[in-house]
Amino acid sequence: MALRLSRLGFGAAPIAGLYTAVDEDTAAATVDAAWDAGVRYFDTAPHYGLGVSERRLGAALAHRPRAEYVVSTKAGRLLVPDERGGTDDEGSFAVAATHRRVWDLSRDGIRRSLDDSLTRLGLDRVDVLYLHDPEDRMDEAMATAVPALAELRDEGAVTAVGAGSKDAAALARLVRGGGLDVVMVAGRYTLLEQPALTELFPACTAAGTVVVAAGIYNSGLLAAPDPDPGSTYEYGAVPPAVLARARDLATVCAEHDAVLPQAALQFPLRHPLVRSAVVGMRSPAEVRQNAAWLDAPGAPGLWAALEARGLTPAEEGAAAAP
C-alpha cells in the first residue's frame with residue numbers, strides 16, 4: 001500500500017465530544033498539536049459525533065499542504081436528518097442529535113457515504129476508506145460493500161480501501177475474501193490481549209494487507225500508569241481478571257523504568273504488520289503525552305520480561321523496541 005502513515009495516528013472521535021463535550025477551539029488546537037508532534041495520519045468517521053468529527057478535522061487541516069497528510073474515513077452508516085432533538089446518547093457523543101445513523105452497505109450507500117464525508121471534510125478525496133464495523137452484516141459486506149469500495153479505488157476516488165472493527169475474526173474473513181489494502185483492528189492487538197494473532201495477522205500476511213492498530217489502550221484501561229477498578233474496558237466496567245492482568249503488566253513496566261501507557265503505545269508497533277497506532281486524543285496535552293510515550297527510550301529487558309512471565313506472546317519478527 002503506497003501510503004505514508006505516521007507511526008502515531010490521530011483518532012478524531014474525541015474531538016467530536018466522545019463522552020465529554022469538546023469546544024471547537026480545543027478541537028482545532030488538538031489537531032494543530034498533533035501536526036506539530038509529527039502526526040500525519042488522521043482518522044475519522046461519519047459516526048463520530050454525527051459528522052462533527054469530519055467537519056472539525058477538515059477545518060483544522062484546511063491550511064495544511066494536502067500532499068503531506070493522510071486522511072481516512074469510514075462508510076457503512078449514512079447520516080439522515082432527524083428532528084427528535086436532544087443529544088446523541090445512542091452514540092455516546094456530547095453533540096446535538098441533528099441526525100440519526102442508518103446502515104447502508106449497498107453500492108449506492110457506500111458511494112453516497114463517501115460523497116457526504118468529502119463535503120463535511122471539505123476535501124476532494126480521502127486516502128483510505130474503511131468499511132465501519134461490518135461484523136454483524138458480513139454477508140452484505142462481502143457481497144456489496146467490499147466490491148463497492150474496490151470500485152471506488154479502481155476509479156481513483158480513494159487510494160486504498162479497508163475495514164475497521166474490534167472483531168478480529170470478521171476482519172480475517174474479509175481479508176481472505178480479497179480486495180482490502182488495510183485493516184484497522186480495534187482493541188484486539190494490544191499489550192493486554194492479542195487475539196488478532198490467531199487468524200487476522202496470518203490472513204494479512206498472506207494477502208499483503210497492512211494493519212493499523214486502534215483501541216490500543218483497551219478503551220482506557222491501559223491509559224494510566226496504575227489501573228484501578230474505576231477504569232474502563234470495552235467501554236464498560238473492568239472484569240476482575242482483566243484488571244489483575246493489567247496490574248501485572250503495570251508492575252513489570254515499573255520494574256523496568258517504564259509506565260504502562262508507554263508500553264501499551266509502543267507494543268503494537270513492534271509487529272512488522274502494524275504500520276500505525278491510532279490514538280483518540282481530545283486535547284493538546286493528550287497529544288503531547290502520547291507523542292512523548294511513543295518517543296520514550298526503550299526500557300531494557302521489558303519486552304523479554306513480559307514474554308517470560310507469560311503476559312505477552314513471543315513475537316516472531318518483532319521489531320527492536322523504540
# chains A, B, ... in the order shown; residues from 1 in each chain; ligands from 1
>>> select_by_dssp(residues="region 42-111 of chain A", states="helix (DSSP H, G or I)", output="PyMOL selection string")
chain A and resi 52-61+66-68+107-111
>>> write_last_selection(atoms="N, CA, C and O atoms", output="PDB file, in the first residue's frame")
ATOM      1  N   VAL A  52     -19.700  15.646  13.183  1.00  0.00           N
ATOM      2  CA  VAL A  52     -18.928  16.731  13.791  1.00  0.00           C
ATOM      3  C   VAL A  52     -17.427  16.478  13.655  1.00  0.00           C
ATOM      4  O   VAL A  52     -16.646  17.394  13.370  1.00  0.00           O
ATOM      5  N   SER A  53     -17.007  15.230  13.857  1.00  0.00           N
ATOM      6  CA  SER A  53     -15.588  14.914  13.753  1.00  0.00           C
ATOM      7  C   SER A  53     -15.042  15.249  12.372  1.00  0.00           C
ATOM      8  O   SER A  53     -13.983  15.878  12.253  1.00  0.00           O
ATOM      9  N   GLU A  54     -15.742  14.842  11.326  1.00  0.00           N
ATOM     10  CA  GLU A  54     -15.272  15.121   9.971  1.00  0.00           C
ATOM     11  C   GLU A  54     -15.195  16.620   9.721  1.00  0.00           C
ATOM     12  O   GLU A  54     -14.210  17.109   9.149  1.00  0.00           O
ATOM     13  N   ARG A  55     -16.218  17.354  10.138  1.00  0.00           N
ATOM     14  CA  ARG A  55     -16.206  18.795   9.892  1.00  0.00           C
ATOM     15  C   ARG A  55     -15.054  19.474  10.638  1.00  0.00           C
ATOM     16  O   ARG A  55     -14.346  20.321  10.078  1.00  0.00           O
ATOM     17  N   ARG A  56     -14.844  19.114  11.887  1.00  0.00           N
ATOM     18  CA  ARG A  56     -13.790  19.746  12.671  1.00  0.00           C
ATOM     19  C   ARG A  56     -12.408  19.359  12.160  1.00  0.00           C
ATOM     20  O   ARG A  56     -11.502  20.201  12.093  1.00  0.00           O
ATOM     21  N   LEU A  57     -12.236  18.103  11.809  1.00  0.00           N
ATOM     22  CA  LEU A  57     -10.936  17.678  11.304  1.00  0.00           C
ATOM     23  C   LEU A  57     -10.629  18.366   9.985  1.00  0.00           C
ATOM     24  O   LEU A  57      -9.511  18.874   9.779  1.00  0.00           O
ATOM     25  N   GLY A  58     -11.597  18.401   9.089  1.00  0.00           N
ATOM     26  CA  GLY A  58     -11.384  19.057   7.801  1.00  0.00           C
ATOM     27  C   GLY A  58     -11.034  20.524   7.952  1.00  0.00           C
ATOM     28  O   GLY A  58     -10.124  21.028   7.279  1.00  0.00           O
ATOM     29  N   ALA A  59     -11.721  21.205   8.851  1.00  0.00           N
ATOM     30  CA  ALA A  59     -11.448  22.632   9.066  1.00  0.00           C
ATOM     31  C   ALA A  59     -10.048  22.839   9.637  1.00  0.00           C
ATOM     32  O   ALA A  59      -9.334  23.783   9.259  1.00  0.00           O
ATOM     33  N   ALA A  60      -9.636  21.949  10.543  1.00  0.00           N
ATOM     34  CA  ALA A  60      -8.332  22.105  11.179  1.00  0.00           C
ATOM     35  C   ALA A  60      -7.181  21.815  10.220  1.00  0.00           C
ATOM     36  O   ALA A  60      -6.075  22.329  10.393  1.00  0.00           O
ATOM     37  N   LEU A  61      -7.441  20.981   9.221  1.00  0.00           N
ATOM     38  CA  LEU A  61      -6.394  20.635   8.260  1.00  0.00           C
ATOM     39  C   LEU A  61      -6.430  21.492   6.999  1.00  0.00           C
ATOM     40  O   LEU A  61      -5.558  21.361   6.132  1.00  0.00           O
ATOM     41  N   ARG A  66      -2.023  19.495   1.256  1.00  0.00           N
ATOM     42  CA  ARG A  66      -2.789  18.247   1.154  1.00  0.00           C
ATOM     43  C   ARG A  66      -1.898  17.041   0.887  1.00  0.00           C
ATOM     44  O   ARG A  66      -2.205  15.928   1.337  1.00  0.00           O
ATOM     45  N   ALA A  67      -0.802  17.233   0.188  1.00  0.00           N
ATOM     46  CA  ALA A  67       0.052  16.098  -0.130  1.00  0.00           C
ATOM     47  C   ALA A  67       0.856  15.608   1.069  1.00  0.00           C
ATOM     48  O   ALA A  67       1.477  14.542   1.002  1.00  0.00           O
ATOM     49  N   GLU A  68       0.811  16.336   2.177  1.00  0.00           N
ATOM     50  CA  GLU A  68       1.662  15.999   3.316  1.00  0.00           C
ATOM     51  C   GLU A  68       0.954  15.189   4.397  1.00  0.00           C
ATOM     52  O   GLU A  68       1.572  14.842   5.414  1.00  0.00           O
ATOM     53  N   ARG A 107     -24.069  -0.620  -2.821  1.00  0.00           N
ATOM     54  CA  ARG A 107     -23.135   0.158  -3.644  1.00  0.00           C
ATOM     55  C   ARG A 107     -23.476   1.636  -3.583  1.00  0.00           C
ATOM     56  O   ARG A 107     -22.591   2.480  -3.385  1.00  0.00           O
ATOM     57  N   ASP A 108     -24.746   1.975  -3.748  1.00  0.00           N
ATOM     58  CA  ASP A 108     -25.146   3.381  -3.709  1.00  0.00           C
ATOM     59  C   ASP A 108     -24.904   3.986  -2.331  1.00  0.00           C
ATOM     60  O   ASP A 108     -24.506   5.157  -2.221  1.00  0.00           O
ATOM     61  N   GLY A 109     -25.142   3.194  -1.293  1.00  0.00           N
ATOM     62  CA  GLY A 109     -24.939   3.684   0.063  1.00  0.00           C
ATOM     63  C   GLY A 109     -23.485   3.993   0.355  1.00  0.00           C
ATOM     64  O   GLY A 109     -23.163   5.011   0.990  1.00  0.00           O
ATOM     65  N   ILE A 110     -22.580   3.135  -0.120  1.00  0.00           N
ATOM     66  CA  ILE A 110     -21.151   3.368   0.085  1.00  0.00           C
ATOM     67  C   ILE A 110     -20.704   4.632  -0.652  1.00  0.00           C
ATOM     68  O   ILE A 110     -19.969   5.469  -0.115  1.00  0.00           O
ATOM     69  N   ARG A 111     -21.174   4.786  -1.880  1.00  0.00           N
ATOM     70  CA  ARG A 111     -20.771   5.955  -2.670  1.00  0.00           C
ATOM     71  C   ARG A 111     -21.353   7.241  -2.081  1.00  0.00           C
ATOM     72  O   ARG A 111     -20.683   8.278  -2.041  1.00  0.00           O
TER      73      ARG A 111
END
>>> residues_around(residues="Glu83 (chain A)", least_positions_apart="2", cutoff="12 Å", atoms="only C-alpha atoms", output="MDAnalysis selection string")
chainID A and resid 80:81 85:87 96:100
>>> write_last_selection(atoms="N, CA, C and O atoms", output="mmCIF file, in the first residue's frame")
data_model
loop_
_atom_site.group_PDB
_atom_site.id
_atom_site.type_symbol
_atom_site.label_atom_id
_atom_site.label_comp_id
_atom_site.auth_asym_id
_atom_site.auth_seq_id
_atom_site.Cartn_x
_atom_site.Cartn_y
_atom_site.Cartn_z
ATOM 1 N N VAL A 80 -28.834 10.599 8.445
ATOM 2 C CA VAL A 80 -30.120 11.071 7.931
ATOM 3 C C VAL A 80 -30.654 12.141 8.882
ATOM 4 O O VAL A 80 -30.663 11.934 10.101
ATOM 5 N N PRO A 81 -31.093 13.309 8.360
ATOM 6 C CA PRO A 81 -31.604 14.361 9.249
ATOM 7 C C PRO A 81 -32.702 13.852 10.167
ATOM 8 O O PRO A 81 -33.555 13.047 9.780
ATOM 9 N N GLY A 85 -34.349 16.050 18.403
ATOM 10 C CA GLY A 85 -33.747 16.905 19.421
ATOM 11 C C GLY A 85 -32.932 16.124 20.425
ATOM 12 O O GLY A 85 -32.717 14.918 20.296
ATOM 13 N N GLY A 86 -32.460 16.815 21.432
ATOM 14 C CA GLY A 86 -31.645 16.180 22.453
ATOM 15 C C GLY A 86 -30.206 16.016 22.014
ATOM 16 O O GLY A 86 -29.738 16.666 21.078
ATOM 17 N N THR A 87 -29.492 15.136 22.716
ATOM 18 C CA THR A 87 -28.094 14.868 22.398
ATOM 19 C C THR A 87 -27.943 13.447 21.881
ATOM 20 O O THR A 87 -28.864 12.629 21.975
ATOM 21 N N ALA A 96 -25.436 17.634 19.551
ATOM 22 C CA ALA A 96 -26.864 17.646 19.290
ATOM 23 C C ALA A 96 -27.248 16.517 18.331
ATOM 24 O O ALA A 96 -26.533 16.239 17.362
ATOM 25 N N ALA A 97 -28.369 15.893 18.610
ATOM 26 C CA ALA A 97 -28.846 14.771 17.784
ATOM 27 C C ALA A 97 -29.587 15.306 16.566
ATOM 28 O O ALA A 97 -30.802 15.157 16.425
ATOM 29 N N THR A 98 -28.845 15.930 15.665
ATOM 30 C CA THR A 98 -29.443 16.514 14.465
ATOM 31 C C THR A 98 -29.684 15.476 13.375
ATOM 32 O O THR A 98 -30.420 15.732 12.426
ATOM 33 N N HIS A 99 -29.034 14.314 13.508
ATOM 34 C CA HIS A 99 -29.158 13.243 12.530
ATOM 35 C C HIS A 99 -29.284 11.899 13.247
ATOM 36 O O HIS A 99 -29.060 11.796 14.452
ATOM 37 N N ARG A 100 -29.626 10.886 12.499
ATOM 38 C CA ARG A 100 -29.584 9.516 13.007
ATOM 39 C C ARG A 100 -28.799 8.662 12.022
ATOM 40 O O ARG A 100 -28.679 8.993 10.845
#
>>> closest_atom_pairs(of="region 6-78 of chain A", to="region 209-220 of chain A", cutoff="12 Å", atoms="only C-alpha atoms", output="JSON lines")
{"residue": "A:Ser6", "atom": "CA", "partner": "A:Val212", "partner_atom": "CA", "distance": 10.6}
{"residue": "A:Arg7", "atom": "CA", "partner": "A:Val212", "partner_atom": "CA", "distance": 9.4}
{"residue": "A:Leu8", "atom": "CA", "partner": "A:Ala213", "partner_atom": "CA", "distance": 9.9}
{"residue": "A:Gly9", "atom": "CA", "partner": "A:Ala214", "partner_atom": "CA", "distance": 8.9}
{"residue": "A:Phe10", "atom": "CA", "partner": "A:Ala214", "partner_atom": "CA", "distance": 9.9}
{"residue": "A:Gly11", "atom": "CA", "partner": "A:Ala214", "partner_atom": "CA", "distance": 8.3}
{"residue": "A:Ala12", "atom": "CA", "partner": "A:Ala214", "partner_atom": "CA", "distance": 11.7}
{"residue": "A:Ala13", "atom": "CA", "partner": "A:Gly215", "partner_atom": "CA", "distance": 11.6}
{"residue": "A:Pro14", "atom": "CA", "partner": "A:Ser219", "partner_atom": "CA", "distance": 11.9}
{"residue": "A:Leu18", "atom": "CA", "partner": "A:Ser219", "partner_atom": "CA", "distance": 11.7}
{"residue": "A:Tyr19", "atom": "CA", "partner": "A:Ser219", "partner_atom": "CA", "distance": 11.8}
{"residue": "A:Tyr41", "atom": "CA", "partner": "A:Val212", "partner_atom": "CA", "distance": 10.8}
{"residue": "A:Phe42", "atom": "CA", "partner": "A:Val212", "partner_atom": "CA", "distance": 11.9}
{"residue": "A:Asp43", "atom": "CA", "partner": "A:Ala214", "partner_atom": "CA", "distance": 10.2}
{"residue": "A:Ser72", "atom": "CA", "partner": "A:Val212", "partner_atom": "CA", "distance": 11.3}
>>> select_by_dssp(residues="region 49-202 of chain A", states="strand (DSSP E or B)", output="JSON, numbers by chain")
{"A": [70, 71, 72, 73, 74, 75, 77, 78, 79, 80, 81, 87, 88, 93, 94, 95, 96, 99, 100, 101, 102, 103, 126, 127, 128, 129, 130, 131, 132, 158, 159, 160, 161, 162, 163, 164, 165, 182, 183, 184, 185, 186]}
>>> write_last_selection(atoms="C-alpha atoms", output="JSON list (two decimals), in the first residue's frame")
[["chain", "number", "residue", "atom", "x", "y", "z"],
["A", 70, "VAL", "CA", -3.23, 11.05, 5.03],
["A", 71, "VAL", "CA", -6.92, 11.05, 5.94],
["A", 72, "SER", "CA", -9.12, 8.03, 6.42],
["A", 73, "THR", "CA", -12.84, 7.94, 6.97],
["A", 74, "LYS", "CA", -15.44, 5.21, 7.02],
["A", 75, "ALA", "CA", -18.59, 4.02, 5.28],
["A", 77, "ARG", "CA", -23.75, 4.13, 8.06],
["A", 78, "LEU", "CA", -25.43, 7.14, 6.47],
["A", 79, "LEU", "CA", -26.46, 10.21, 8.43],
["A", 80, "VAL", "CA", -30.12, 11.07, 7.93],
["A", 81, "PRO", "CA", -31.60, 14.36, 9.25],
["A", 87, "THR", "CA", -28.09, 14.87, 22.40],
["A", 88, "ASP", "CA", -26.52, 11.89, 20.72],
["A", 93, "PHE", "CA", -21.24, 11.77, 21.81],
["A", 94, "ALA", "CA", -21.96, 15.06, 23.54],
["A", 95, "VAL", "CA", -23.40, 16.70, 20.43],
["A", 96, "ALA", "CA", -26.86, 17.65, 19.29],
["A", 99, "HIS", "CA", -29.16, 13.24, 12.53],
["A", 100, "ARG", "CA", -29.58, 9.52, 13.01],
["A", 101, "ARG", "CA", -27.42, 6.69, 11.72],
["A", 102, "VAL", "CA", -28.84, 4.34, 9.10],
["A", 103, "TRP", "CA", -26.97, 1.23, 7.99],
["A", 126, "VAL", "CA", -9.68, 10.81, 1.15],
["A", 127, "ASP", "CA", -6.75, 8.46, 1.15],
["A", 128, "VAL", "CA", -8.35, 5.47, 2.88],
["A", 129, "LEU", "CA", -12.00, 4.45, 3.03],
["A", 130, "TYR", "CA", -12.82, 1.80, 5.63],
["A", 131, "LEU", "CA", -15.98, -0.26, 5.96],
["A", 132, "HIS", "CA", -17.05, 0.57, 9.50],
["A", 158, "VAL", "CA", -9.67, 6.77, -2.94],
["A", 159, "THR", "CA", -6.13, 5.44, -2.74],
["A", 160, "ALA", "CA", -6.78, 2.44, -0.50],
["A", 161, "VAL", "CA", -9.75, 0.60, 0.98],
["A", 162, "GLY", "CA", -10.21, -1.50, 4.05],
["A", 163, "ALA", "CA", -12.35, -2.40, 7.03],
["A", 164, "GLY", "CA", -12.30, -1.41, 10.68],
["A", 165, "SER", "CA", -13.68, -3.46, 13.56],
["A", 182, "VAL", "CA", -5.61, -2.26, 5.00],
["A", 183, "VAL", "CA", -7.50, -3.20, 8.14],
["A", 184, "MET", "CA", -7.98, -1.21, 11.33],
["A", 185, "VAL", "CA", -8.22, -3.61, 14.24],
["A", 186, "ALA", "CA", -9.56, -2.03, 17.43]]
>>> residues_around(residues="Pro229 (chain A)", least_positions_apart="2", cutoff="9 Å", atoms="only C-alpha atoms", output="PDB file with C-alpha atoms, in the first residue's frame")
ATOM      1  CA  PRO A 227      -5.056   0.688  36.510  1.00  0.00           C
ATOM      2  CA  SER A 231     -11.023   2.285  34.692  1.00  0.00           C
ATOM      3  CA  THR A 232     -12.986   1.259  31.610  1.00  0.00           C
ATOM      4  CA  ALA A 237     -16.647  -1.905  33.848  1.00  0.00           C
ATOM      5  CA  VAL A 238     -13.387  -3.856  34.101  1.00  0.00           C
ATOM      6  CA  PRO A 239     -13.765  -7.570  34.940  1.00  0.00           C
ATOM      7  CA  PRO A 240     -11.603  -8.522  37.957  1.00  0.00           C
ATOM      8  CA  LEU A 243      -7.888  -5.710  35.933  1.00  0.00           C
TER       9      LEU A 243
END
>>> decode(residues="region 261-322 of chain A", atoms="C-alpha atoms", output="tab-separated table (two decimals), in the first residue's frame")
chain	number	residue	atom	x	y	z
A	261	PRO	CA	0.69	3.52	28.69
A	262	GLN	CA	4.18	3.96	27.25
A	263	ALA	CA	4.48	0.20	26.75
A	264	ALA	CA	0.88	-0.03	25.52
A	265	LEU	CA	1.57	2.50	22.77
A	266	GLN	CA	4.91	1.03	21.74
A	267	PHE	CA	3.84	-2.63	21.82
A	268	PRO	CA	1.67	-2.92	18.67
A	269	LEU	CA	4.20	-1.02	16.58
A	270	ARG	CA	6.79	-3.72	17.28
A	271	HIS	CA	4.95	-6.08	14.95
A	272	PRO	CA	6.07	-5.78	11.32
A	273	LEU	CA	2.49	-5.80	10.01
A	274	VAL	CA	1.41	-2.79	12.06
A	275	ARG	CA	2.05	0.44	10.20
A	276	SER	CA	0.40	2.90	12.60
A	277	ALA	CA	-1.16	3.08	16.06
A	278	VAL	CA	-4.22	5.35	16.06
A	279	VAL	CA	-4.98	7.01	19.38
A	280	GLY	CA	-8.03	9.10	20.15
A	281	MET	CA	-6.97	12.45	21.62
A	282	ARG	CA	-9.10	15.32	22.87
A	283	SER	CA	-6.59	18.00	23.94
A	284	PRO	CA	-3.12	19.30	23.08
A	285	ALA	CA	-1.90	17.91	26.41
A	286	GLU	CA	-3.02	14.40	25.46
A	287	VAL	CA	-1.27	14.72	22.11
A	288	ARG	CA	1.98	15.78	23.71
A	289	GLN	CA	1.78	12.99	26.28
A	290	ASN	CA	1.17	10.29	23.66
A	291	ALA	CA	3.99	11.62	21.49
A	292	ALA	CA	6.32	11.52	24.48
A	293	TRP	CA	5.34	7.92	25.31
A	294	LEU	CA	5.93	6.87	21.73
A	295	ASP	CA	9.36	8.51	21.63
A	296	ALA	CA	10.44	7.34	25.09
A	297	PRO	CA	13.62	5.24	25.00
A	298	GLY	CA	13.06	1.52	25.09
A	299	ALA	CA	13.14	0.05	28.57
A	300	PRO	CA	15.98	-2.52	28.66
A	301	GLY	CA	14.63	-6.01	29.16
A	302	LEU	CA	10.97	-5.01	29.33
A	303	TRP	CA	9.71	-6.98	26.36
A	304	ALA	CA	11.70	-10.08	27.32
A	305	ALA	CA	10.37	-9.85	30.88
A	306	LEU	CA	6.76	-9.54	29.76
A	307	GLU	CA	7.18	-12.54	27.49
A	308	ALA	CA	8.97	-14.58	30.17
A	309	ARG	CA	6.11	-14.00	32.61
A	310	GLY	CA	3.53	-15.09	30.05
A	311	LEU	CA	1.99	-11.64	29.77
A	312	THR	CA	2.74	-11.26	26.05
A	313	PRO	CA	3.30	-13.88	23.37
A	314	ALA	CA	6.55	-14.50	21.60
A	315	GLU	CA	6.53	-12.09	18.66
A	316	GLU	CA	8.25	-13.65	15.72
A	317	GLY	CA	9.76	-10.90	13.59
A	318	ALA	CA	9.05	-8.18	16.16
A	319	ALA	CA	11.00	-5.01	15.64
A	320	ALA	CA	13.51	-3.71	18.10
A	321	ALA	CA	11.94	-1.69	20.87
A	322	PRO	CA	11.79	2.01	20.05
